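Visitor: Provided herewith: entry.cif, mmCIF, C-alpha atoms.
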```cif
data_my_file
#
loop_
_atom_site.group_PDB
_atom_site.id
_atom_site.type_symbol
_atom_site.label_atom_id
_atom_site.label_comp_id
_atom_site.auth_asym_id
_atom_site.auth_seq_id
_atom_site.Cartn_x
_atom_site.Cartn_y
_atom_site.Cartn_z
ATOM 1 C CA MET Y 1 -19.796 268.099 79.889
ATOM 2 C CA ALA Y 2 -22.193 270.671 81.368
ATOM 3 C CA SER Y 3 -23.376 268.167 83.990
ATOM 4 C CA LEU Y 4 -19.751 267.368 84.868
ATOM 5 C CA ILE Y 5 -19.116 271.068 85.475
ATOM 6 C CA GLU Y 6 -22.259 271.273 87.641
ATOM 7 C CA LEU Y 7 -20.947 268.334 89.681
ATOM 8 C CA ALA Y 8 -17.709 270.246 90.257
ATOM 9 C CA ASN Y 9 -19.431 271.815 93.230
ATOM 10 C CA PRO Y 10 -18.804 269.376 96.143
ATOM 11 C CA THR Y 11 -21.974 270.452 97.959
ATOM 12 C CA ARG Y 12 -24.061 269.682 94.860
ATOM 13 C CA PHE Y 13 -22.247 266.351 94.455
ATOM 14 C CA MET Y 14 -22.953 265.429 98.100
ATOM 15 C CA HIS Y 15 -26.638 266.243 97.619
ATOM 16 C CA LEU Y 16 -27.024 264.305 94.354
ATOM 17 C CA SER Y 17 -25.022 261.292 95.565
ATOM 18 C CA SER Y 18 -27.078 260.986 98.765
ATOM 19 C CA ARG Y 19 -30.238 260.764 96.627
ATOM 20 C CA LEU Y 20 -28.706 258.320 94.114
ATOM 21 C CA LEU Y 21 -27.104 255.891 96.584
ATOM 22 C CA PRO Y 22 -30.219 254.044 97.860
ATOM 23 C CA TRP Y 23 -31.285 253.305 94.269
ATOM 24 C CA LEU Y 24 -27.819 252.052 93.298
ATOM 25 C CA VAL Y 25 -27.554 249.807 96.361
ATOM 26 C CA GLY Y 26 -31.083 248.436 95.892
ATOM 27 C CA ALA Y 27 -30.553 247.676 92.194
ATOM 28 C CA ALA Y 28 -27.150 246.078 92.910
ATOM 29 C CA ALA Y 29 -28.598 243.834 95.655
ATOM 30 C CA LEU Y 30 -31.481 242.731 93.419
ATOM 31 C CA LEU Y 31 -29.256 241.971 90.406
ATOM 32 C CA LEU Y 32 -26.655 240.135 92.505
ATOM 33 C CA ALA Y 33 -29.368 237.984 94.132
ATOM 34 C CA VAL Y 34 -30.971 237.121 90.755
ATOM 35 C CA GLY Y 35 -27.572 236.581 89.127
ATOM 36 C CA LEU Y 36 -26.324 234.251 91.872
ATOM 37 C CA TYR Y 37 -29.573 232.243 91.744
ATOM 38 C CA LEU Y 38 -29.217 231.821 87.970
ATOM 39 C CA ALA Y 39 -25.495 231.048 88.289
ATOM 40 C CA PHE Y 40 -25.984 228.235 90.813
ATOM 41 C CA PHE Y 41 -29.452 226.826 90.069
ATOM 42 C CA VAL Y 42 -30.191 227.509 86.388
ATOM 43 C CA ALA Y 43 -26.895 227.667 84.447
ATOM 44 C CA PRO Y 44 -25.724 224.180 83.417
ATOM 45 C CA ALA Y 45 -22.281 222.736 84.087
ATOM 46 C CA ASP Y 46 -19.821 223.189 81.225
ATOM 47 C CA TYR Y 47 -19.242 220.153 78.982
ATOM 48 C CA GLN Y 48 -15.461 220.442 79.458
ATOM 49 C CA GLN Y 49 -14.915 222.346 82.714
ATOM 50 C CA GLY Y 50 -17.827 220.878 84.660
ATOM 51 C CA GLU Y 51 -19.015 222.724 87.762
ATOM 52 C CA THR Y 52 -15.855 224.859 87.964
ATOM 53 C CA ILE Y 53 -17.455 227.094 85.309
ATOM 54 C CA ARG Y 54 -19.382 228.665 88.222
ATOM 55 C CA ILE Y 55 -16.159 230.435 89.224
ATOM 56 C CA MET Y 56 -16.442 232.329 85.919
ATOM 57 C CA PHE Y 57 -19.504 234.214 87.224
ATOM 58 C CA VAL Y 58 -17.368 236.114 89.746
ATOM 59 C CA HIS Y 59 -13.963 235.911 88.063
ATOM 60 C CA VAL Y 60 -14.961 237.597 84.785
ATOM 61 C CA PRO Y 61 -16.928 240.548 86.305
ATOM 62 C CA ALA Y 62 -14.014 241.132 88.714
ATOM 63 C CA ALA Y 63 -11.587 241.275 85.775
ATOM 64 C CA TRP Y 64 -13.837 243.676 83.846
ATOM 65 C CA LEU Y 65 -14.247 245.931 86.893
ATOM 66 C CA ALA Y 66 -10.507 245.969 87.656
ATOM 67 C CA LEU Y 67 -9.936 247.261 84.110
ATOM 68 C CA MET Y 68 -12.960 249.587 84.154
ATOM 69 C CA PHE Y 69 -11.900 251.269 87.399
ATOM 70 C CA TYR Y 70 -8.369 251.773 86.111
ATOM 71 C CA SER Y 71 -9.781 253.321 82.914
ATOM 72 C CA MET Y 72 -11.993 255.588 85.054
ATOM 73 C CA MET Y 73 -8.893 256.580 87.044
ATOM 74 C CA ALA Y 74 -7.042 257.412 83.811
ATOM 75 C CA ILE Y 75 -9.927 259.667 82.710
ATOM 76 C CA SER Y 76 -9.903 261.273 86.177
ATOM 77 C CA ALA Y 77 -6.140 261.767 85.830
ATOM 78 C CA LEU Y 78 -6.786 263.726 82.625
ATOM 79 C CA GLY Y 79 -9.446 265.667 84.533
ATOM 80 C CA THR Y 80 -6.845 266.555 87.163
ATOM 81 C CA LEU Y 81 -3.997 267.478 84.796
ATOM 82 C CA VAL Y 82 -5.868 268.986 81.826
ATOM 83 C CA TRP Y 83 -9.218 270.340 83.016
ATOM 84 C CA ARG Y 84 -8.336 270.748 86.727
ATOM 85 C CA HIS Y 85 -11.777 269.468 87.676
ATOM 86 C CA PRO Y 86 -12.071 269.824 91.474
ATOM 87 C CA LEU Y 87 -13.566 266.364 91.940
ATOM 88 C CA ALA Y 88 -11.263 264.536 89.502
ATOM 89 C CA ASP Y 89 -8.565 263.638 92.020
ATOM 90 C CA VAL Y 90 -11.251 262.842 94.615
ATOM 91 C CA ALA Y 91 -12.762 260.353 92.151
ATOM 92 C CA GLN Y 92 -9.329 258.960 91.352
ATOM 93 C CA LYS Y 93 -8.325 258.464 94.988
ATOM 94 C CA ALA Y 94 -11.660 256.852 95.877
ATOM 95 C CA ALA Y 95 -11.465 254.448 92.914
ATOM 96 C CA ALA Y 96 -8.014 252.963 93.660
ATOM 97 C CA PRO Y 97 -8.899 250.628 96.593
ATOM 98 C CA ILE Y 98 -12.049 249.449 94.794
ATOM 99 C CA GLY Y 99 -10.138 248.618 91.608
ATOM 100 C CA ALA Y 100 -7.407 246.932 93.668
ATOM 101 C CA CYS Y 101 -9.954 244.718 95.439
ATOM 102 C CA PHE Y 102 -11.509 243.611 92.141
ATOM 103 C CA ALA Y 103 -8.037 242.901 90.718
ATOM 104 C CA LEU Y 104 -7.307 240.789 93.815
ATOM 105 C CA VAL Y 105 -10.628 238.938 93.451
ATOM 106 C CA CYS Y 106 -9.747 238.291 89.796
ATOM 107 C CA LEU Y 107 -6.301 236.904 90.720
ATOM 108 C CA ILE Y 108 -7.524 234.670 93.570
ATOM 109 C CA THR Y 109 -10.584 233.275 91.786
ATOM 110 C CA GLY Y 110 -8.466 232.775 88.659
ATOM 111 C CA ALA Y 111 -5.908 230.771 90.648
ATOM 112 C CA LEU Y 112 -8.686 228.677 92.229
ATOM 113 C CA TRP Y 113 -10.134 228.044 88.760
ATOM 114 C CA GLY Y 114 -6.715 227.330 87.260
ATOM 115 C CA LYS Y 115 -5.705 224.599 89.715
ATOM 116 C CA PRO Y 116 -8.413 222.052 88.778
ATOM 117 C CA MET Y 117 -8.422 223.013 85.057
ATOM 118 C CA TRP Y 118 -4.737 223.664 84.271
ATOM 119 C CA GLY Y 119 -3.177 221.697 87.118
ATOM 120 C CA THR Y 120 -1.540 224.790 88.615
ATOM 121 C CA TYR Y 121 -2.570 227.866 90.591
ATOM 122 C CA TRP Y 122 -0.190 230.145 88.704
ATOM 123 C CA VAL Y 123 1.906 230.452 85.572
ATOM 124 C CA TRP Y 124 3.992 233.462 84.570
ATOM 125 C CA ASP Y 125 2.211 233.958 81.274
ATOM 126 C CA ALA Y 126 1.202 237.255 79.710
ATOM 127 C CA ARG Y 127 -2.429 237.494 80.895
ATOM 128 C CA LEU Y 128 -1.836 236.453 84.507
ATOM 129 C CA THR Y 129 1.344 238.487 84.876
ATOM 130 C CA SER Y 130 -0.179 241.647 83.374
ATOM 131 C CA VAL Y 131 -3.156 241.429 85.780
ATOM 132 C CA LEU Y 132 -0.706 240.989 88.682
ATOM 133 C CA VAL Y 133 1.114 244.110 87.416
ATOM 134 C CA LEU Y 134 -2.244 245.951 87.380
ATOM 135 C CA PHE Y 135 -2.803 244.970 91.025
ATOM 136 C CA LEU Y 136 0.708 246.171 91.941
ATOM 137 C CA ILE Y 137 0.113 249.487 90.129
ATOM 138 C CA TYR Y 138 -3.077 249.936 92.159
ATOM 139 C CA LEU Y 139 -1.062 249.346 95.364
ATOM 140 C CA GLY Y 140 1.608 251.812 94.190
ATOM 141 C CA ILE Y 141 -1.018 254.486 93.529
ATOM 142 C CA MET Y 142 -2.575 253.960 96.976
ATOM 143 C CA ALA Y 143 0.882 254.191 98.565
ATOM 144 C CA LEU Y 144 1.697 257.392 96.654
ATOM 145 C CA TRP Y 145 -1.506 259.029 97.928
ATOM 146 C CA ARG Y 146 -0.289 258.387 101.493
ATOM 147 C CA THR Y 147 3.186 259.847 100.983
ATOM 148 C CA LEU Y 148 2.060 263.434 100.283
ATOM 149 C CA ASP Y 149 -0.060 265.388 102.775
ATOM 150 C CA ASP Y 150 -1.267 268.055 100.356
ATOM 151 C CA PRO Y 151 -4.113 266.475 98.313
ATOM 152 C CA SER Y 152 -3.611 268.714 95.257
ATOM 153 C CA ARG Y 153 0.132 267.908 95.013
ATOM 154 C CA ALA Y 154 -0.540 264.215 95.616
ATOM 155 C CA GLY Y 155 -3.318 264.306 93.016
ATOM 156 C CA ARG Y 156 -0.997 265.594 90.278
ATOM 157 C CA ALA Y 157 1.738 263.055 91.102
ATOM 158 C CA VAL Y 158 -0.774 260.193 91.180
ATOM 159 C CA ALA Y 159 -2.346 261.404 87.910
ATOM 160 C CA ILE Y 160 1.004 261.108 86.101
ATOM 161 C CA LEU Y 161 1.636 257.627 87.536
ATOM 162 C CA THR Y 162 -1.912 256.566 86.600
ATOM 163 C CA LEU Y 163 -1.506 257.691 82.995
ATOM 164 C CA VAL Y 164 1.858 255.921 82.686
ATOM 165 C CA GLY Y 165 0.325 252.742 84.138
ATOM 166 C CA PHE Y 166 -2.570 252.871 81.661
ATOM 167 C CA VAL Y 167 -0.279 251.288 79.045
ATOM 168 C CA ASN Y 168 -0.928 248.013 80.913
ATOM 169 C CA VAL Y 169 -4.695 248.051 80.182
ATOM 170 C CA PRO Y 170 -4.511 247.242 76.424
ATOM 171 C CA ILE Y 171 -1.699 244.778 77.201
ATOM 172 C CA ILE Y 172 -4.079 242.884 79.531
ATOM 173 C CA LYS Y 173 -6.914 242.982 76.997
ATOM 174 C CA PHE Y 174 -4.889 241.773 74.015
ATOM 175 C CA SER Y 175 -2.348 239.562 75.846
ATOM 176 C CA VAL Y 176 -4.346 236.435 74.954
ATOM 177 C CA ASP Y 177 -4.142 237.364 71.247
ATOM 178 C CA TRP Y 178 -0.523 238.573 71.143
ATOM 179 C CA TRP Y 179 1.161 235.755 73.095
ATOM 180 C CA ASN Y 180 0.745 232.031 73.730
ATOM 181 C CA THR Y 181 -1.026 231.649 77.048
ATOM 182 C CA LEU Y 182 -2.939 229.083 79.084
ATOM 183 C CA HIS Y 183 -5.734 231.634 79.490
ATOM 184 C CA GLN Y 184 -8.663 231.315 77.100
ATOM 185 C CA PRO Y 185 -9.251 234.128 74.560
ATOM 186 C CA ALA Y 186 -12.119 236.635 74.838
ATOM 187 C CA SER Y 187 -15.479 234.885 74.655
ATOM 188 C CA VAL Y 188 -17.986 237.705 75.361
ATOM 189 C CA PHE Y 189 -16.712 241.018 73.937
ATOM 190 C CA ARG Y 190 -15.298 239.821 70.612
ATOM 191 C CA ALA Y 191 -15.851 240.353 66.906
ATOM 192 C CA GLY Y 192 -18.511 237.886 65.798
ATOM 193 C CA GLY Y 193 -20.402 237.951 69.098
ATOM 194 C CA PRO Y 194 -20.185 235.913 72.308
ATOM 195 C CA THR Y 195 -19.256 232.222 72.131
ATOM 196 C CA ILE Y 196 -20.891 231.398 75.483
ATOM 197 C CA HIS Y 197 -24.281 229.663 75.555
ATOM 198 C CA PRO Y 198 -27.108 232.056 76.596
ATOM 199 C CA ALA Y 199 -27.824 229.911 79.668
ATOM 200 C CA MET Y 200 -24.397 230.942 80.986
ATOM 201 C CA LEU Y 201 -24.155 234.331 79.305
ATOM 202 C CA TRP Y 202 -27.249 235.832 80.980
ATOM 203 C CA PRO Y 203 -26.229 235.049 84.589
ATOM 204 C CA LEU Y 204 -22.757 236.378 83.739
ATOM 205 C CA LEU Y 205 -24.112 239.657 82.347
ATOM 206 C CA ILE Y 206 -26.629 240.107 85.198
ATOM 207 C CA LEU Y 207 -23.880 239.540 87.798
ATOM 208 C CA ALA Y 208 -21.543 241.862 85.889
ATOM 209 C CA VAL Y 209 -24.118 244.679 86.001
ATOM 210 C CA GLY Y 210 -24.846 243.906 89.681
ATOM 211 C CA PHE Y 211 -21.162 244.047 90.639
ATOM 212 C CA THR Y 212 -20.754 247.228 88.566
ATOM 213 C CA LEU Y 213 -23.617 248.975 90.397
ATOM 214 C CA LEU Y 214 -22.193 247.810 93.746
ATOM 215 C CA ALA Y 215 -18.764 249.146 92.781
ATOM 216 C CA LEU Y 216 -20.237 252.482 91.650
ATOM 217 C CA ALA Y 217 -22.182 252.782 94.924
ATOM 218 C CA LEU Y 218 -18.969 252.112 96.878
ATOM 219 C CA HIS Y 219 -17.185 254.669 94.729
ATOM 220 C CA LEU Y 220 -19.792 257.326 95.533
ATOM 221 C CA VAL Y 221 -19.552 256.598 99.285
ATOM 222 C CA ALA Y 222 -15.743 256.677 99.140
ATOM 223 C CA MET Y 223 -15.866 260.002 97.228
ATOM 224 C CA ARG Y 224 -18.231 261.449 99.835
ATOM 225 C CA ALA Y 225 -15.817 260.333 102.594
ATOM 226 C CA GLU Y 226 -12.879 261.925 100.750
ATOM 227 C CA ILE Y 227 -14.725 265.224 100.284
ATOM 228 C CA MET Y 228 -15.525 265.271 104.006
ATOM 229 C CA ARG Y 229 -11.881 264.374 104.867
ATOM 230 C CA ARG Y 230 -10.665 267.404 102.892
ATOM 231 C CA ARG Y 231 -13.272 269.623 104.528
ATOM 232 C CA VAL Y 232 -12.163 268.329 107.969
ATOM 233 C CA ARG Y 233 -8.528 269.023 107.037
ATOM 234 C CA THR Y 234 -9.338 272.587 105.943
ATOM 235 C CA LEU Y 235 -11.464 273.330 109.001
ATOM 236 C CA THR Y 236 -8.807 271.872 111.325
ATOM 237 C CA ILE Y 237 -6.176 274.176 109.765
ATOM 238 C CA PHE Y 238 -8.530 277.176 110.093
ATOM 239 C CA GLU Y 239 -9.203 276.322 113.722
ATOM 240 C CA ALA Y 240 -5.496 275.853 114.508
ATOM 241 C CA GLU Y 241 -4.724 279.246 112.923
ATOM 242 C CA ARG Y 242 -7.536 280.872 114.918
ATOM 243 C CA LEU Y 243 -6.220 279.358 118.167
ATOM 244 C CA ASP Y 244 -2.687 280.534 117.282
ATOM 245 C CA ARG Y 245 -4.004 284.086 116.758
ATOM 246 C CA LEU Y 246 -5.907 284.010 120.057
ATOM 247 C CA THR Y 247 -2.823 282.736 121.901
ATOM 248 C CA ALA Y 248 -0.674 285.443 120.319
ATOM 249 C CA GLU Y 249 -3.219 288.167 121.217
ATOM 250 C CA ALA Y 250 -3.428 286.914 124.815
ATOM 251 C CA ALA Y 251 0.360 287.009 125.129
ATOM 252 C CA ILE Y 252 0.520 290.697 124.093
ATOM 253 C CA MET B 1 -20.943 219.991 98.286
ATOM 254 C CA SER B 2 -21.629 216.897 96.185
ATOM 255 C CA ALA B 3 -23.843 218.917 93.798
ATOM 256 C CA LEU B 4 -20.785 220.995 92.900
ATOM 257 C CA GLY B 5 -18.807 217.919 91.918
ATOM 258 C CA PRO B 6 -15.248 216.890 92.773
ATOM 259 C CA HIS B 7 -13.965 220.483 92.617
ATOM 260 C CA ALA B 8 -16.506 221.895 95.106
ATOM 261 C CA GLY B 9 -13.714 223.048 97.424
ATOM 262 C CA TYR B 10 -12.246 225.312 94.741
ATOM 263 C CA ILE B 11 -15.658 226.769 93.847
ATOM 264 C CA LEU B 12 -16.590 227.447 97.476
ATOM 265 C CA ALA B 13 -13.140 228.921 98.198
ATOM 266 C CA ALA B 14 -13.519 231.258 95.210
ATOM 267 C CA TYR B 15 -16.903 232.543 96.412
ATOM 268 C CA ALA B 16 -15.626 232.786 100.003
ATOM 269 C CA SER B 17 -12.734 234.966 98.804
ATOM 270 C CA VAL B 18 -15.212 237.250 97.013
ATOM 271 C CA VAL B 19 -17.309 237.593 100.180
ATOM 272 C CA MET B 20 -14.235 238.291 102.342
ATOM 273 C CA ILE B 21 -12.561 240.801 100.006
ATOM 274 C CA LEU B 22 -15.698 242.708 98.980
ATOM 275 C CA GLY B 23 -17.127 242.480 102.526
ATOM 276 C CA GLY B 24 -13.899 243.941 103.882
ATOM 277 C CA LEU B 25 -13.974 246.698 101.243
ATOM 278 C CA ILE B 26 -17.602 247.601 102.042
ATOM 279 C CA LEU B 27 -16.813 247.670 105.788
ATOM 280 C CA MET B 28 -13.682 249.793 105.280
ATOM 281 C CA ILE B 29 -15.456 252.382 103.106
ATOM 282 C CA TRP B 30 -18.521 252.528 105.361
ATOM 283 C CA ARG B 31 -16.382 252.997 108.527
ATOM 284 C CA ASP B 32 -14.286 255.689 106.828
ATOM 285 C CA HIS B 33 -17.438 257.534 105.708
ATOM 286 C CA ARG B 34 -18.882 257.369 109.232
ATOM 287 C CA ALA B 35 -15.614 258.557 110.826
ATOM 288 C CA GLN B 36 -15.336 261.544 108.459
ATOM 289 C CA ARG B 37 -18.998 262.424 109.036
ATOM 290 C CA GLN B 38 -18.481 262.383 112.818
ATOM 291 C CA ALA B 39 -15.294 264.470 112.590
ATOM 292 C CA LEU B 40 -16.990 267.012 110.313
ATOM 293 C CA ASP B 41 -20.086 267.220 112.535
ATOM 294 C CA ALA B 42 -17.883 267.786 115.599
ATOM 295 C CA LEU B 43 -15.969 270.597 113.861
ATOM 296 C CA GLU B 44 -19.107 272.263 112.538
ATOM 297 C CA GLN B 45 -20.768 272.098 115.954
ATOM 298 C CA ARG B 46 -17.777 274.002 117.353
ATOM 299 C CA GLY B 47 -18.359 276.575 114.590
ATOM 300 C CA ALA B 48 -14.962 275.978 113.020
ATOM 301 C CA GLY B 49 -14.469 277.857 109.747
ATOM 302 C CA ARG B 50 -18.145 278.761 109.416
ATOM 303 C CA ARG B 51 -18.639 281.251 106.616
ATOM 304 C CA SER B 52 -21.865 280.632 104.752
ATOM 305 C CA GLY B 53 -23.576 278.500 107.361
ATOM 306 C CA LYS B 54 -24.081 275.759 104.735
ATOM 307 C CA ALA B 55 -23.293 272.224 105.830
ATOM 308 C CA LEU B 56 -22.443 269.288 103.545
ATOM 309 C CA SER B 57 -25.527 267.049 103.288
#
```
Step by step, read the file and then write its structure as structure tokens.
Guide:
Amino acid sequence: MASLIELANPTRFMHLSSRLLPWLVGAAALLLAVGLYLAFFVAPADYQQGETIRIMFVHVPAAWLALMFYSMMAISALGTLVWRHPLADVAQKAAAPIGACFALVCLITGALWGKPMWGTYWVWDARLTSVLVLFLIYLGIMALWRTLDDPSRAGRAVAILTLVGFVNVPIIKFSVDWWNTLHQPASVFRAGGPTIHPAMLWPLLILAVGFTLLALALHLVAMRAEIMRRRVRTLTIFEAERLDRLTAEAAI
Amino acid sequence: MSALGPHAGYILAAYASVVMILGGLILMIWRDHRAQRQALDALEQRGAGRRSGKALS
């Protein structure tokens, strides 16, 4: 908690993030390269799904990250509404497009995996529909940010919407257990351990960590851009007020 | 293509969508960061709102 309070200073955050970013990007690039090599040249084809199992290596990390970024946004929403942390709504705003992109990747790769395995790109079942709802919530949050000029007012409105939308996260997670669905149940994070063979599990986990580091690096860059945008906004207002004063003084 | 079996088109399309979506996201965030940096540098060079003299790194 103490380190979170230290990071509340945007100047300190900018300094720390600029030092952290090269390491994050380097580690992400290395893990993604190793993971993709293992996924295509070492992992065997599945005995039932054949080569289409290779879609899993991007589909599953995308699904995890879409949920992880929404959970991060919900925590940031609490930071905005409860603790009034100055960077909470910055973090929340920067996370929305990243989470939306991973939700979209999850939907598209899932459809491309579903067609050869299920015979259809899409069914309106609980898992697929709840992920589509997650994507739409992301779009709604991004739209709401654009409707209000004042970042602090927009931040509070978005925080409420984010917390309301969080009800969808456990629905997505448990939809395969609660309802009949074409989608397979959890096979990695489940009681009793993973059901995937290690030859497929390791590339999946390495790619998941690689995509996570990439997403976190993008989040840091997007947060830095948002901090600078707010600084530009403030300075522009100051400058406009100064010019107004000068004009008024010249007119006297 | 043949090494990926009869469903190679679906597999390649899935990976192509990842490259396009994440590539677009990376480009969008990088361009936004660069634009904000340039706007902030321009304002600070004009001395707008300078109080402490500290610039964002």
Visitor: Please write as a list in words the full residue list that the PyMOL selection byres ((chain B) within 8 of (chain Y)) yields on this file.
Guide: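 In the shown coordinates, the PyMOL selection byres ((chain B) within 8 of (chain Y)) covers Leu4, Gly5, His7, Ala8, Tyr10, Ile11, Ala13, Ala14, Tyr15, Ser17, Val18, Ile21, Leu22, Leu25, Ile26, Ile29, Trp30, Asp32, His33, Arg34, Gln36, Arg37, Ala39, Leu40, Leu43, Ala48, Gly49, Leu56 and Ser57 of chain B.
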Visitor: Find the distance between atom CA of Leu78 of chain Y and atom CA of Leu161 of chain Y and write it in Å to one decimal.
Guide: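 Between atom CA of Leu78 of chain Y and atom CA of Leu161 of chain Y the gap is 11.5 Å.
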Visitor: Excluding Ser130 of chain Y and any residue of its chain fewer than 2 positions from it, enumerate the residues within 8 Å of it, using all atoms listed in the file, and give them as a list in words.
Guide: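 Near Ser130 of chain Y, the qualifying residues are Ala126, Arg127, Leu128, Leu132, Val133, Leu134, Asn168, Ile171 and Ile172 of chain Y.
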Visitor: Just give me the gap between atom CA of Gly23 of chain B and atom CA of Ala143 of chain Y in Å, one decimal is fine.
Guide: 21.8 Å
Visitor: Using Å and a single decimal, report how far atom CA of Leu144 of chain Y sits from atom CA of Ala157 of chain Y.
Guide: 7.9 Å
Visitor: Evaluate the PyMOL selection byres ((chain Y and resi 212) around 12) here and jot the selected residues down as number ranges by chain.
Guide: Y: 24-25, 27-29, 31-32, 58, 60-69, 98-99, 102, 205-211, 213-219
Visitor: Check which residues satisfy the PyMOL selection byres ((chain Y and resi 152) around 10) in the file shown, then give them as a PyMOL selection string.
Guide: chain Y and resi 80+84+86+89-90+148-151+153-158
Visitor: Provide segment 7-22 of chain B rebuilt to N, CA and C atoms, formatted as a PDB file, in the frame of the given file.
Guide:
```pdb
ATOM      1  N   HIS B   7     -14.741 219.255  92.401  1.00  0.00           N
ATOM      2  CA  HIS B   7     -13.965 220.483  92.617  1.00  0.00           C
ATOM      3  C   HIS B   7     -14.727 221.494  93.469  1.00  0.00           C
ATOM      4  N   ALA B   8     -15.670 221.002  94.281  1.00  0.00           N
ATOM      5  CA  ALA B   8     -16.506 221.895  95.106  1.00  0.00           C
ATOM      6  C   ALA B   8     -15.663 222.800  95.994  1.00  0.00           C
ATOM      7  N   GLY B   9     -14.572 222.263  96.529  1.00  0.00           N
ATOM      8  CA  GLY B   9     -13.714 223.048  97.424  1.00  0.00           C
ATOM      9  C   GLY B   9     -13.171 224.297  96.745  1.00  0.00           C
ATOM     10  N   TYR B  10     -12.778 224.164  95.477  1.00  0.00           N
ATOM     11  CA  TYR B  10     -12.246 225.312  94.741  1.00  0.00           C
ATOM     12  C   TYR B  10     -13.346 226.354  94.491  1.00  0.00           C
ATOM     13  N   ILE B  11     -14.541 225.851  94.143  1.00  0.00           N
ATOM     14  CA  ILE B  11     -15.658 226.769  93.847  1.00  0.00           C
ATOM     15  C   ILE B  11     -16.046 227.529  95.112  1.00  0.00           C
ATOM     16  N   LEU B  12     -16.187 226.801  96.218  1.00  0.00           N
ATOM     17  CA  LEU B  12     -16.590 227.447  97.476  1.00  0.00           C
ATOM     18  C   LEU B  12     -15.503 228.413  97.958  1.00  0.00           C
ATOM     19  N   ALA B  13     -14.237 228.030  97.784  1.00  0.00           N
ATOM     20  CA  ALA B  13     -13.140 228.921  98.198  1.00  0.00           C
ATOM     21  C   ALA B  13     -13.147 230.204  97.368  1.00  0.00           C
ATOM     22  N   ALA B  14     -13.471 230.070  96.077  1.00  0.00           N
ATOM     23  CA  ALA B  14     -13.519 231.258  95.210  1.00  0.00           C
ATOM     24  C   ALA B  14     -14.611 232.217  95.690  1.00  0.00           C
ATOM     25  N   TYR B  15     -15.795 231.675  95.965  1.00  0.00           N
ATOM     26  CA  TYR B  15     -16.903 232.543  96.412  1.00  0.00           C
ATOM     27  C   TYR B  15     -16.627 233.095  97.814  1.00  0.00           C
ATOM     28  N   ALA B  16     -15.974 232.291  98.662  1.00  0.00           N
ATOM     29  CA  ALA B  16     -15.626 232.786 100.003  1.00  0.00           C
ATOM     30  C   ALA B  16     -14.642 233.947  99.901  1.00  0.00           C
ATOM     31  N   SER B  17     -13.703 233.870  98.963  1.00  0.00           N
ATOM     32  CA  SER B  17     -12.734 234.966  98.804  1.00  0.00           C
ATOM     33  C   SER B  17     -13.432 236.239  98.336  1.00  0.00           C
ATOM     34  N   VAL B  18     -14.441 236.081  97.474  1.00  0.00           N
ATOM     35  CA  VAL B  18     -15.212 237.250  97.013  1.00  0.00           C
ATOM     36  C   VAL B  18     -15.920 237.901  98.196  1.00  0.00           C
ATOM     37  N   VAL B  19     -16.569 237.064  99.016  1.00  0.00           N
ATOM     38  CA  VAL B  19     -17.309 237.593 100.180  1.00  0.00           C
ATOM     39  C   VAL B  19     -16.347 238.307 101.128  1.00  0.00           C
ATOM     40  N   MET B  20     -15.184 237.698 101.383  1.00  0.00           N
ATOM     41  CA  MET B  20     -14.235 238.291 102.342  1.00  0.00           C
ATOM     42  C   MET B  20     -13.650 239.605 101.810  1.00  0.00           C
ATOM     43  N   ILE B  21     -13.219 239.605 100.556  1.00  0.00           N
ATOM     44  CA  ILE B  21     -12.561 240.801 100.006  1.00  0.00           C
ATOM     45  C   ILE B  21     -13.571 241.942  99.831  1.00  0.00           C
ATOM     46  N   LEU B  22     -14.714 241.636  99.199  1.00  0.00           N
ATOM     47  CA  LEU B  22     -15.698 242.708  98.980  1.00  0.00           C
ATOM     48  C   LEU B  22     -16.370 243.106 100.299  1.00  0.00           C
TER      49      LEU B  22
END
```
